[in-house]
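Enquirer: start.cif is reproduced below (mmCIF, C-alpha atoms).
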data_coords
#
loop_
_atom_site.label_atom_id
_atom_site.label_comp_id
_atom_site.auth_asym_id
_atom_site.auth_seq_id
_atom_site.Cartn_x
_atom_site.Cartn_y
_atom_site.Cartn_z
CA MET A 1 -5.64 127.65 -78.60
CA ALA A 2 -4.30 125.68 -81.56
CA GLU A 3 -0.87 126.37 -83.02
CA ARG A 4 -0.91 128.79 -85.93
CA ARG A 5 1.45 128.56 -88.89
CA ILE A 6 2.35 132.00 -90.17
CA GLY A 7 4.48 132.32 -93.29
CA VAL A 8 6.86 135.09 -94.27
CA ALA A 9 8.31 135.14 -97.78
CA MET A 10 12.00 135.75 -97.11
CA ASP A 11 14.64 136.55 -99.73
CA PHE A 12 16.78 138.52 -97.25
CA SER A 13 16.10 141.79 -99.10
CA ALA A 14 15.28 144.97 -97.18
CA SER A 15 11.60 144.58 -98.08
CA SER A 16 11.41 140.99 -96.83
CA LYS A 17 13.13 141.95 -93.56
CA LYS A 18 10.58 144.75 -93.19
CA ALA A 19 7.81 142.17 -93.70
CA LEU A 20 9.39 139.95 -91.04
CA ARG A 21 9.53 142.87 -88.60
CA TRP A 22 5.88 143.72 -89.35
CA ALA A 23 4.82 140.11 -88.73
CA ALA A 24 6.74 140.06 -85.44
CA ASP A 25 5.21 143.32 -84.26
CA ASN A 26 1.64 142.80 -85.46
CA LEU A 27 0.77 139.18 -86.14
CA LEU A 28 2.91 136.60 -84.38
CA ARG A 29 1.99 135.49 -80.90
CA LYS A 30 3.26 133.05 -78.31
CA GLY A 31 3.30 129.46 -79.50
CA ASP A 32 3.01 130.19 -83.23
CA THR A 33 5.16 128.52 -85.83
CA LEU A 34 6.89 131.00 -88.09
CA VAL A 35 7.65 129.46 -91.48
CA LEU A 36 10.15 131.39 -93.58
CA LEU A 37 9.69 130.63 -97.27
CA HIS A 38 12.92 131.05 -99.20
CA ILE A 39 12.66 130.49 -102.96
CA ARG A 40 15.75 130.05 -105.11
CA HIS A 41 15.61 130.32 -108.87
CA HIS A 42 16.79 127.25 -110.73
CA GLY A 43 20.51 127.61 -111.09
CA ARG A 44 23.96 126.41 -110.28
CA ASP A 45 23.03 124.02 -107.44
CA GLU A 46 19.97 122.60 -109.15
CA ALA A 47 21.38 119.07 -109.48
CA MET A 48 22.18 119.02 -105.76
CA ASN A 49 18.54 119.76 -104.91
CA VAL A 50 16.81 117.32 -107.29
CA PRO A 51 15.32 115.24 -104.44
CA TRP A 52 13.33 118.29 -103.30
CA SER A 53 12.62 119.98 -106.62
CA ARG A 54 8.86 119.42 -106.36
CA THR A 55 8.24 119.41 -102.62
CA GLY A 56 10.93 121.77 -101.36
CA SER A 57 13.46 121.02 -98.67
CA PRO A 58 12.64 119.46 -95.34
CA LEU A 59 11.68 122.00 -92.69
CA ILE A 60 14.93 123.43 -91.36
CA PRO A 61 14.80 124.56 -87.72
CA LEU A 62 16.32 127.97 -87.03
CA GLU A 63 18.91 126.38 -84.74
CA GLU A 64 20.22 124.30 -87.64
CA LEU A 65 20.17 127.23 -90.04
CA MET A 66 22.49 129.10 -87.69
CA GLU A 67 25.24 126.61 -88.61
CA PRO A 68 27.39 127.88 -91.52
CA ALA A 69 27.54 124.43 -93.15
CA VAL A 70 23.73 124.22 -93.30
CA ARG A 71 23.42 127.73 -94.74
CA GLN A 72 26.04 126.86 -97.33
CA ARG A 73 24.30 123.57 -98.19
CA TYR A 74 21.06 125.42 -98.96
CA ASP A 75 22.76 128.54 -100.37
CA VAL A 76 21.16 130.82 -97.76
CA PRO A 77 22.80 134.24 -97.56
CA GLU A 78 24.88 135.20 -94.53
CA ASP A 79 22.69 137.92 -93.01
CA PRO A 80 23.50 138.67 -89.35
CA GLU A 81 20.75 141.32 -89.14
CA ALA A 82 18.05 138.86 -90.23
CA PHE A 83 19.33 136.05 -88.02
CA ASP A 84 19.56 138.35 -84.99
CA MET A 85 15.98 139.48 -85.62
CA LEU A 86 14.79 135.87 -85.97
CA ASN A 87 16.54 134.73 -82.79
CA ALA A 88 15.15 137.67 -80.82
CA VAL A 89 11.58 137.16 -82.05
CA ALA A 90 11.74 133.40 -81.47
CA ARG A 91 12.95 133.94 -77.91
CA GLN A 92 10.59 136.82 -77.01
CA LYS A 93 7.44 135.29 -78.47
CA GLU A 94 8.38 131.66 -77.77
CA LEU A 95 8.01 130.72 -81.42
CA CYS A 96 9.07 127.70 -83.36
CA VAL A 97 10.93 129.08 -86.41
CA VAL A 98 11.57 126.92 -89.44
CA VAL A 99 12.75 127.58 -92.97
CA LYS A 100 11.38 125.87 -96.05
CA MET A 101 13.41 126.12 -99.25
CA TYR A 102 11.95 125.83 -102.73
CA TRP A 103 13.54 126.01 -106.16
CA GLY A 104 11.76 127.50 -109.16
CA ASP A 105 9.35 130.31 -109.99
CA PRO A 106 8.74 132.30 -106.78
CA ARG A 107 5.13 133.08 -107.73
CA GLU A 108 4.15 129.46 -108.06
CA LYS A 109 6.31 128.13 -105.25
CA VAL A 110 4.97 130.61 -102.66
CA CYS A 111 1.40 129.65 -103.55
CA ASP A 112 2.28 125.94 -103.47
CA ALA A 113 3.88 126.38 -100.04
CA VAL A 114 0.79 128.08 -98.61
CA GLY A 115 -1.29 125.02 -99.42
CA GLU A 116 1.27 122.34 -98.62
CA LEU A 117 2.20 123.84 -95.26
CA HIS A 118 -1.36 124.80 -94.31
CA LEU A 119 -0.37 128.38 -93.57
CA GLU A 120 -2.97 130.44 -91.80
CA SER A 121 -1.55 133.70 -93.10
CA LEU A 122 1.32 134.93 -95.27
CA VAL A 123 3.29 138.17 -95.00
CA MET A 124 5.48 139.39 -97.81
CA GLY A 125 7.34 142.52 -98.74
CA SER A 126 6.80 144.58 -101.84
CA ARG A 127 9.77 145.91 -103.76
CA GLY A 128 7.77 149.00 -104.72
CA LEU A 129 7.93 148.52 -108.47
CA GLY A 130 6.13 151.09 -110.56
CA GLN A 131 3.20 150.11 -112.75
CA ILE A 132 5.31 149.76 -115.92
CA GLN A 133 7.96 147.65 -114.14
CA ARG A 134 5.25 145.36 -112.74
CA ILE A 135 3.81 144.86 -116.23
CA LEU A 136 7.21 144.16 -117.79
CA LEU A 137 8.74 142.09 -114.99
CA GLY A 138 5.63 140.55 -113.53
CA SER A 139 4.85 140.89 -109.86
CA VAL A 140 5.28 138.04 -107.44
CA THR A 141 3.14 139.98 -104.98
CA ASN A 142 0.24 140.46 -107.41
CA TYR A 143 0.32 136.80 -108.39
CA VAL A 144 0.36 135.60 -104.77
CA LEU A 145 -2.44 138.00 -103.81
CA SER A 146 -4.58 136.56 -106.59
CA ASN A 147 -3.75 132.88 -106.10
CA ALA A 148 -2.81 132.13 -102.47
CA SER A 149 -5.32 130.12 -100.45
CA CYS A 150 -4.81 132.14 -97.25
CA PRO A 151 -4.91 135.83 -96.33
CA VAL A 152 -1.84 137.70 -97.56
CA THR A 153 -0.45 140.88 -95.99
CA VAL A 154 1.82 142.98 -98.18
CA VAL A 155 4.23 145.28 -96.40
CA LYS A 156 5.31 148.14 -98.60
CA SER A 157 8.98 148.91 -98.78
CA LYS A 158 8.51 152.67 -98.42
#
Spit out the file's structure as C-alpha cells when you get a sec.
Expert:
Amino acid sequence: MAERRIGVAMDFSASSKKALRWAADNLLRKGDTLVLLHIRHHGRDEAMNVPWSRTGSPLIPLEELMEPAVRQRYDVPEDPEAFDMLNAVARQKELCVVVKMYWGDPREKVCDAVGELHLESLVMGSRGLGQIQRILLGSVTNYVLSNASCPVTVVKSK
C-alpha cells in the first residue's frame, strides 16, 4: 500500500491537540506520514523567514523539532504535552512525522499546503465560535472546508 500523507493543522491550542488525538485514534495507520501544518501570522520574525515566505519552511522532522534551538528558530511553542503525544503516536504507529511552517493568513496557507504537499486528508480543530463570532472574525475552518482540495475532518472542541 502506498504511503499516505495526512495533515493536521496544529497551533498547539487545546482544539488542535484534540484534532491530533482524533487523527491518531481514527485515521493514521502504520507507515503514514503525518504532516503538522503550523501557520504563524506575519510578525516580529518575518524578516528572518523571507526565504520561505511563499513556500513555507523545509519539512522539519520531529526529531529535529525536539531540539530547543530548532523550536526557537521557527518560534514553535514549548508544549511537552503535544510533543509527548507526537512521539508516542510516531512510535506506536511507525509514522514519519514532519512539521511544515508557513507565515501569513492561516486560511490561505492551510489550503496552499494541502495542494503543495499532496495531502490525502486534513484534520483540524474547531475553536467552537458562535455564529456571530464566525461572521465577525471569519472562520479558518469554514474557509478550509470550502476551499481545500482534499477531504477535511473538523474535530469540535466540545
Enquirer: Residues of segment 48-117 of chain A that approach segment 138-149 of chain A to 9 Å or less, counting all atoms listed in the file: could you list each one with the shortest pair of atoms and its distance in Å to one decimal, rows by chain and increasing residue number, as a Markdown table?
Expert:
| residue | atom | partner | partner_atom | distance |
| --- | --- | --- | --- | --- |
| A:Pro106 | CA | A:Val140 | CA | 6.7 |
| A:Arg107 | CA | A:Val140 | CA | 5.0 |
| A:Glu108 | CA | A:Val144 | CA | 7.9 |
| A:Val110 | CA | A:Val144 | CA | 7.1 |
| A:Cys111 | CA | A:Ala148 | CA | 5.0 |
| A:Asp112 | CA | A:Ala148 | CA | 8.1 |
| A:Val114 | CA | A:Ala148 | CA | 6.7 |
| A:Gly115 | CA | A:Ser149 | CA | 6.6 |
Enquirer: Identify, on the basis of all atoms listed in the file, every residue whose closest approach to Lys109 of chain A does not exceed 10 Å; exclude the query and any residue fewer than 5 positions from it along the same chain; express the result as a PDB file with C-alpha atoms, in the frame of the given file.
Expert:
ATOM      1  CA  LEU A  37       9.690 130.630 -97.270  1.00  0.00           C
ATOM      2  CA  HIS A  38      12.920 131.050 -99.200  1.00  0.00           C
ATOM      3  CA  ILE A  39      12.660 130.490-102.960  1.00  0.00           C
ATOM      4  CA  ARG A  40      15.750 130.050-105.110  1.00  0.00           C
ATOM      5  CA  ARG A  54       8.860 119.420-106.360  1.00  0.00           C
ATOM      6  CA  THR A  55       8.240 119.410-102.620  1.00  0.00           C
ATOM      7  CA  GLY A  56      10.930 121.770-101.360  1.00  0.00           C
ATOM      8  CA  MET A 101      13.410 126.120 -99.250  1.00  0.00           C
ATOM      9  CA  TYR A 102      11.950 125.830-102.730  1.00  0.00           C
ATOM     10  CA  TRP A 103      13.540 126.010-106.160  1.00  0.00           C
ATOM     11  CA  GLY A 104      11.760 127.500-109.160  1.00  0.00           C
ATOM     12  CA  VAL A 114       0.790 128.080 -98.610  1.00  0.00           C
ATOM     13  CA  VAL A 144       0.360 135.600-104.770  1.00  0.00           C
TER      14      VAL A 144
END
Enquirer: With only C-alpha atoms counted, which protein, DNA or RNA residues have an atom no more than 12 Å from (20.4, 136.3, -97.5) in the file frame? Please answer as a compact mmCIF listing (two decimals) with C-alpha atoms, in the frame of the given file.
Expert:
# COMPACT_ATOMS: atom_id res chain seq x y z
CA MET A 10 12.00 135.75 -97.11
CA ASP A 11 14.64 136.55 -99.73
CA PHE A 12 16.78 138.52 -97.25
CA SER A 13 16.10 141.79 -99.10
CA ALA A 14 15.28 144.97 -97.18
CA SER A 16 11.41 140.99 -96.83
CA LYS A 17 13.13 141.95 -93.56
CA HIS A 38 12.92 131.05 -99.20
CA ILE A 39 12.66 130.49 -102.96
CA ARG A 40 15.75 130.05 -105.11
CA LEU A 65 20.17 127.23 -90.04
CA ARG A 71 23.42 127.73 -94.74
CA GLN A 72 26.04 126.86 -97.33
CA TYR A 74 21.06 125.42 -98.96
CA ASP A 75 22.76 128.54 -100.37
CA VAL A 76 21.16 130.82 -97.76
CA PRO A 77 22.80 134.24 -97.56
CA GLU A 78 24.88 135.20 -94.53
CA ASP A 79 22.69 137.92 -93.01
CA PRO A 80 23.50 138.67 -89.35
CA GLU A 81 20.75 141.32 -89.14
CA ALA A 82 18.05 138.86 -90.23
CA PHE A 83 19.33 136.05 -88.02
Enquirer: Mind listing whatever residues come within 10 Å of the point (3.0, 144.9, -90.4)? Use all atoms listed in the file, file coordinates, and give them as a ChimeraX atom specification.
Expert: /A:18-27,123-125,153-156
Enquirer: Hey, which of A:Ser15, A:Ser57, A:Asn87, A:Ser121 ends up closest to Cys150 of chain A? Count all atoms listed in the file.
Expert: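 That would be A:Ser121, the residue with the smallest distance to Cys150 of chain A.
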Enquirer: Ranking A:Ile60, A:Ser157, A:Ala69, A:Leu117 by minimum distance to Arg5 of chain A and counting all atoms listed in the file, which one comes first?
Expert: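 Checking each candidate against Arg5 of chain A, we get A:Leu117 as the closest.
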Enquirer: Could you state the separation of atom CA of Met85 of chain A and atom CA of Val35 of chain A in Å, given to one decimal place?
Expert: 14.3 Å
Enquirer: Between atom CA of Asp32 of chain A and atom CA of Ser126 of chain A, what is the distance, to one decimal in Å?
Expert: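 Separation of atom CA of Asp32 of chain A and atom CA of Ser126 of chain A: 23.8 Å.
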Enquirer: For Glu64 of chain A, which residue among A:Leu36, A:Ala88, A:Leu28, A:Val99 is the nearest when counting all atoms listed in the file?
Expert: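 The closest residue to Glu64 of chain A is A:Val99.
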Enquirer: Measure the distance from atom CA of Arg29 of chain A to atom CA of Met66 of chain A in Å and round it to one decimal.
Expert: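 Spanning atom CA of Arg29 of chain A to atom CA of Met66 of chain A is a straight-line distance of 22.5 Å.
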Enquirer: As JSON, what would the box around segment 64-71 of chain A look like: edges along x, y and z, 5 Å added on every side, centre and edge lengths in Å to one decimal?
Expert:
{"center_x": 23.9, "center_y": 126.7, "center_z": -91.2, "size_x": 17.4, "size_y": 14.9, "size_z": 17.1}
Enquirer: For Val98 of chain A, which residue among A:Pro151, A:Leu59, A:Ala9, A:His41 is the nearest when counting all atoms listed in the file?
Expert: A:Leu59
